[in-house]
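Trainee: Contents of entry10.pdb (PDB, C-alpha atoms, pLDDT in the B column):
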```pdb
ATOM      1  CA  MET A 231      14.120  -8.638  12.871  1.00 33.00           C
ATOM      2  CA  LEU A 232      11.242  -7.924  10.523  1.00 36.00           C
ATOM      3  CA  SER A 233       8.062  -9.546  11.796  1.00 38.00           C
ATOM      4  CA  VAL A 234       5.030  -9.426   9.532  1.00 42.00           C
ATOM      5  CA  ASP A 235       1.596 -10.821  10.241  1.00 47.00           C
ATOM      6  CA  MET A 236       0.074 -11.707   6.878  1.00 47.00           C
ATOM      7  CA  GLU A 237      -3.433 -12.977   6.323  1.00 49.00           C
ATOM      8  CA  ASN A 238      -4.523 -14.752   3.139  1.00 48.00           C
ATOM      9  CA  LYS A 239      -7.932 -13.405   2.253  1.00 49.00           C
ATOM     10  CA  GLY A 240      -8.862 -16.089  -0.287  1.00 49.00           C
ATOM     11  CA  ASN A 241      -9.517 -13.561  -3.065  1.00 47.00           C
ATOM     12  CA  GLY A 242      -5.962 -13.381  -4.327  1.00 50.00           C
ATOM     13  CA  SER A 243      -4.964 -10.671  -1.903  1.00 51.00           C
ATOM     14  CA  VAL A 244      -2.851 -10.831   1.178  1.00 52.00           C
ATOM     15  CA  GLY A 245      -3.599  -8.525   4.072  1.00 54.00           C
ATOM     16  CA  VAL A 246      -0.663  -7.052   5.896  1.00 53.00           C
ATOM     17  CA  LYS A 247      -1.449  -6.061   9.451  1.00 52.00           C
ATOM     18  CA  ASN A 248       0.304  -2.812  10.295  1.00 44.00           C
ATOM     19  CA  SER A 249       2.142  -2.348  13.552  1.00 52.00           C
ATOM     20  CA  MET A 250       5.375  -0.832  14.730  1.00 60.00           C
ATOM     21  CA  GLU A 251       6.837  -4.356  14.676  1.00 43.00           C
ATOM     22  CA  ASN A 252       7.072  -4.283  10.900  1.00 70.00           C
ATOM     23  CA  GLY A 253       9.001  -1.026  11.002  1.00 82.00           C
ATOM     24  CA  ARG A 254       6.267   1.395   9.914  1.00 86.00           C
ATOM     25  CA  PRO A 255       4.181   3.836  11.901  1.00 88.00           C
ATOM     26  CA  PRO A 256       0.603   2.549  12.241  1.00 90.00           C
ATOM     27  CA  ASP A 257      -0.881   5.549  10.394  1.00 93.00           C
ATOM     28  CA  PRO A 258      -0.026   5.456   6.656  1.00 96.00           C
ATOM     29  CA  ALA A 259      -0.073   9.277   6.597  1.00 96.00           C
ATOM     30  CA  ASP A 260       3.185   9.107   8.562  1.00 96.00           C
ATOM     31  CA  TRP A 261       4.934   6.688   6.187  1.00 97.00           C
ATOM     32  CA  ALA A 262       8.051   7.758   4.311  1.00 97.00           C
ATOM     33  CA  VAL A 263       8.616   6.637   0.702  1.00 98.00           C
ATOM     34  CA  MET A 264      10.575   3.571   1.859  1.00 97.00           C
ATOM     35  CA  ASP A 265       7.760   2.601   4.249  1.00 97.00           C
ATOM     36  CA  VAL A 266       5.377   2.545   1.270  1.00 98.00           C
ATOM     37  CA  VAL A 267       7.884   0.569  -0.811  1.00 98.00           C
ATOM     38  CA  ASN A 268       8.441  -1.940   1.997  1.00 97.00           C
ATOM     39  CA  TYR A 269       4.691  -2.280   2.579  1.00 97.00           C
ATOM     40  CA  PHE A 270       4.149  -3.356  -1.029  1.00 98.00           C
ATOM     41  CA  ARG A 271       7.222  -5.618  -1.019  1.00 98.00           C
ATOM     42  CA  THR A 272       5.910  -7.316   2.116  1.00 97.00           C
ATOM     43  CA  ALA A 273       2.462  -7.650   0.513  1.00 97.00           C
ATOM     44  CA  GLY A 274       3.986  -9.611  -2.377  1.00 97.00           C
ATOM     45  CA  PHE A 275       4.404  -6.836  -4.945  1.00 98.00           C
ATOM     46  CA  GLU A 276       8.213  -6.846  -5.079  1.00 97.00           C
ATOM     47  CA  GLU A 277       8.377  -5.878  -8.750  1.00 96.00           C
ATOM     48  CA  GLN A 278       5.736  -3.149  -8.512  1.00 98.00           C
ATOM     49  CA  ALA A 279       7.079  -1.612  -5.275  1.00 98.00           C
ATOM     50  CA  SER A 280       9.873   0.137  -7.166  1.00 97.00           C
ATOM     51  CA  ALA A 281       7.275   2.237  -9.044  1.00 98.00           C
ATOM     52  CA  PHE A 282       6.257   3.831  -5.739  1.00 98.00           C
ATOM     53  CA  GLN A 283       9.906   4.681  -5.057  1.00 98.00           C
ATOM     54  CA  GLU A 284      10.491   6.052  -8.567  1.00 97.00           C
ATOM     55  CA  GLN A 285       7.406   8.280  -8.251  1.00 98.00           C
ATOM     56  CA  GLU A 286       8.358   9.271  -4.660  1.00 98.00           C
ATOM     57  CA  ILE A 287       5.018   8.140  -3.210  1.00 98.00           C
ATOM     58  CA  ASP A 288       5.033   8.614   0.552  1.00 98.00           C
ATOM     59  CA  GLY A 289       2.138   7.800   2.878  1.00 98.00           C
ATOM     60  CA  LYS A 290       0.319  11.086   2.363  1.00 98.00           C
ATOM     61  CA  SER A 291       0.585  10.707  -1.412  1.00 98.00           C
ATOM     62  CA  LEU A 292      -0.556   7.090  -1.201  1.00 98.00           C
ATOM     63  CA  LEU A 293      -3.685   8.144   0.691  1.00 98.00           C
ATOM     64  CA  LEU A 294      -4.495  10.705  -2.029  1.00 98.00           C
ATOM     65  CA  MET A 295      -4.134   8.275  -4.943  1.00 98.00           C
ATOM     66  CA  THR A 296      -7.145   7.522  -7.104  1.00 98.00           C
ATOM     67  CA  ARG A 297      -7.833   4.285  -8.934  1.00 98.00           C
ATOM     68  CA  ASN A 298      -6.734   5.992 -12.149  1.00 98.00           C
ATOM     69  CA  ASP A 299      -3.445   7.117 -10.553  1.00 98.00           C
ATOM     70  CA  VAL A 300      -2.598   3.524  -9.655  1.00 98.00           C
ATOM     71  CA  LEU A 301      -3.772   2.035 -12.967  1.00 97.00           C
ATOM     72  CA  THR A 302      -2.075   4.537 -15.267  1.00 97.00           C
ATOM     73  CA  GLY A 303       0.223   6.861 -13.332  1.00 96.00           C
ATOM     74  CA  LEU A 304       2.538   4.163 -12.012  1.00 97.00           C
ATOM     75  CA  GLN A 305       2.841   2.379 -15.387  1.00 95.00           C
ATOM     76  CA  LEU A 306       2.142  -1.025 -13.840  1.00 97.00           C
ATOM     77  CA  LYS A 307       0.629  -4.063 -15.509  1.00 97.00           C
ATOM     78  CA  LEU A 308      -3.153  -3.974 -15.176  1.00 98.00           C
ATOM     79  CA  GLY A 309      -3.574  -7.120 -13.042  1.00 98.00           C
ATOM     80  CA  PRO A 310      -1.180  -6.145 -10.245  1.00 98.00           C
ATOM     81  CA  ALA A 311      -2.334  -2.504 -10.405  1.00 98.00           C
ATOM     82  CA  LEU A 312      -5.962  -3.523  -9.823  1.00 98.00           C
ATOM     83  CA  LYS A 313      -4.988  -5.707  -6.859  1.00 98.00           C
ATOM     84  CA  ILE A 314      -2.785  -2.986  -5.393  1.00 98.00           C
ATOM     85  CA  TYR A 315      -5.603  -0.449  -5.550  1.00 98.00           C
ATOM     86  CA  GLU A 316      -8.542  -2.651  -4.507  1.00 98.00           C
ATOM     87  CA  TYR A 317      -6.840  -4.712  -1.803  1.00 98.00           C
ATOM     88  CA  HIS A 318      -4.308  -2.254  -0.424  1.00 98.00           C
ATOM     89  CA  VAL A 319      -4.649   1.434  -1.372  1.00 98.00           C
ATOM     90  CA  LYS A 320      -8.441   1.655  -0.995  1.00 98.00           C
ATOM     91  CA  PRO A 321      -8.530  -0.215   2.359  1.00 97.00           C
ATOM     92  CA  LEU A 322      -5.667   1.941   3.710  1.00 97.00           C
ATOM     93  CA  GLN A 323      -7.587   5.070   2.671  1.00 97.00           C
ATOM     94  CA  THR A 324     -10.802   3.814   4.280  1.00 96.00           C
ATOM     95  CA  LYS A 325      -9.038   2.845   7.502  1.00 94.00           C
ATOM     96  CA  HIS A 326      -7.261   6.215   7.645  1.00 94.00           C
ATOM     97  CA  LEU A 327     -10.533   8.119   7.151  1.00 93.00           C
ATOM     98  CA  LYS A 328     -12.250   6.096   9.905  1.00 92.00           C
ATOM     99  CA  ASN A 329      -9.351   6.680  12.300  1.00 89.00           C
ATOM    100  CA  SER A 330      -9.126  10.414  11.561  1.00 86.00           C
ATOM    101  CA  SER A 331     -12.837  10.992  12.036  1.00 85.00           C
ATOM    102  CA  SER A 332     -12.982   9.320  15.466  1.00 75.00           C
TER
END
```
Render the structure in this file as C-alpha cells.
Mentor:
Amino acid sequence: MLSVDMENKGNGSVGVKNSMENGRPPDPADWAVMDVVNYFRTAGFEEQASAFQEQEIDGKSLLLMTRNDVLTGLQLKLGPALKIYEYHVKPLQTKHLKNSSS
C-alpha cells in the first residue's frame, strides 16, 4: 500500500518526505520517469504530472531542470509551474547536491 508522509508548509506547498515506503528510491537521481510523475501526483499536481511523463523527465533530468525549463518547457500554467519549481524541483536539487558532496 502506498504510504506518504505529507507536511503542509503553510505557504501553499506540501512537502513530500521521500522514503522507500512511497515506492521511490530516496535519491531523485535514481528515479525513473514514473517515479517523477508519481512524486508530483502525490504532491498534489495531478494535472501537471502528465507533462513530466510526456517530456520523459526522469530523476536525472529533473535535477538538471532550470526555472525556465519548468516555466516554459513543460507548457504548464504559470501558478502551478512556479510552485513546482520553488517548492519541489529546487529543494530536490539542493538536497541532492548536499547529499552528493558529503
Trainee: Which residue gives the smallest distance to A:Pro321 among A:Asn298, A:Pro258, A:Lys290, A:Gln278, with all atoms listed in the file counted?
Mentor: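 Residue with the minimum atom-to-atom distance to A:Pro321: A:Pro258.
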Trainee: Which residues are close to A:Val266, i.e. within 12 Å by only C-alpha atoms, leaving aside same-chain residues fewer than 2 positions away? Reply as an mmCIF file with C-alpha atoms, keeping the file's coordinate frame.
Mentor:
```
data_model
loop_
_atom_site.group_PDB
_atom_site.id
_atom_site.type_symbol
_atom_site.label_atom_id
_atom_site.label_comp_id
_atom_site.auth_asym_id
_atom_site.auth_seq_id
_atom_site.Cartn_x
_atom_site.Cartn_y
_atom_site.Cartn_z
ATOM 1 C CA ASN A 248 0.304 -2.812 10.295
ATOM 2 C CA ASN A 252 7.072 -4.283 10.900
ATOM 3 C CA GLY A 253 9.001 -1.026 11.002
ATOM 4 C CA ARG A 254 6.267 1.395 9.914
ATOM 5 C CA PRO A 255 4.181 3.836 11.901
ATOM 6 C CA PRO A 256 0.603 2.549 12.241
ATOM 7 C CA ASP A 257 -0.881 5.549 10.394
ATOM 8 C CA PRO A 258 -0.026 5.456 6.656
ATOM 9 C CA ALA A 259 -0.073 9.277 6.597
ATOM 10 C CA ASP A 260 3.185 9.107 8.562
ATOM 11 C CA TRP A 261 4.934 6.688 6.187
ATOM 12 C CA ALA A 262 8.051 7.758 4.311
ATOM 13 C CA VAL A 263 8.616 6.637 0.702
ATOM 14 C CA MET A 264 10.575 3.571 1.859
ATOM 15 C CA ASN A 268 8.441 -1.940 1.997
ATOM 16 C CA TYR A 269 4.691 -2.280 2.579
ATOM 17 C CA PHE A 270 4.149 -3.356 -1.029
ATOM 18 C CA ARG A 271 7.222 -5.618 -1.019
ATOM 19 C CA THR A 272 5.910 -7.316 2.116
ATOM 20 C CA ALA A 273 2.462 -7.650 0.513
ATOM 21 C CA PHE A 275 4.404 -6.836 -4.945
ATOM 22 C CA GLU A 276 8.213 -6.846 -5.079
ATOM 23 C CA GLN A 278 5.736 -3.149 -8.512
ATOM 24 C CA ALA A 279 7.079 -1.612 -5.275
ATOM 25 C CA SER A 280 9.873 0.137 -7.166
ATOM 26 C CA ALA A 281 7.275 2.237 -9.044
ATOM 27 C CA PHE A 282 6.257 3.831 -5.739
ATOM 28 C CA GLN A 283 9.906 4.681 -5.057
ATOM 29 C CA GLU A 284 10.491 6.052 -8.567
ATOM 30 C CA GLN A 285 7.406 8.280 -8.251
ATOM 31 C CA GLU A 286 8.358 9.271 -4.660
ATOM 32 C CA ILE A 287 5.018 8.140 -3.210
ATOM 33 C CA ASP A 288 5.033 8.614 0.552
ATOM 34 C CA GLY A 289 2.138 7.800 2.878
ATOM 35 C CA LYS A 290 0.319 11.086 2.363
ATOM 36 C CA SER A 291 0.585 10.707 -1.412
ATOM 37 C CA LEU A 292 -0.556 7.090 -1.201
ATOM 38 C CA LEU A 293 -3.685 8.144 0.691
ATOM 39 C CA ILE A 314 -2.785 -2.986 -5.393
ATOM 40 C CA HIS A 318 -4.308 -2.254 -0.424
ATOM 41 C CA VAL A 319 -4.649 1.434 -1.372
ATOM 42 C CA LEU A 322 -5.667 1.941 3.710
#
```
Trainee: One number please: atom CA of A:Gln323 to atom CA of A:Arg297, in Å, one decimal.
Mentor: 11.6 Å
Trainee: Nearest residue to A:Pro310 out of A:Val267, A:Thr296, A:Glu277, A:His326, using only C-alpha atoms?
Mentor: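 The answer is A:Glu277, which sits nearest to A:Pro310.
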Trainee: Give me, please, the distance in Å between atom CA of A:Asp299 and atom CA of A:Thr324, quoted to one decimal.
Mentor: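 Separation of atom CA of A:Asp299 and atom CA of A:Thr324: 16.9 Å.
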Trainee: One decimal, in Å: what's the spacing between atom CA of A:Lys320 and atom CA of A:Met295?
Mentor: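 Result for atom CA of A:Lys320 versus atom CA of A:Met295: 8.8 Å, one decimal.
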Trainee: Report, as lines of an AutoDock Vina configuration file, the centre and edge lengths in Å (one decimal) of the axis-aligned box enclosing every listed atom of stretch 266-272 of chain A, padded by 3 Å on each side.
Mentor:
```
center_x = 6.3
center_y = -2.4
center_z = 0.8
size_x = 10.3
size_y = 15.9
size_z = 9.6
```
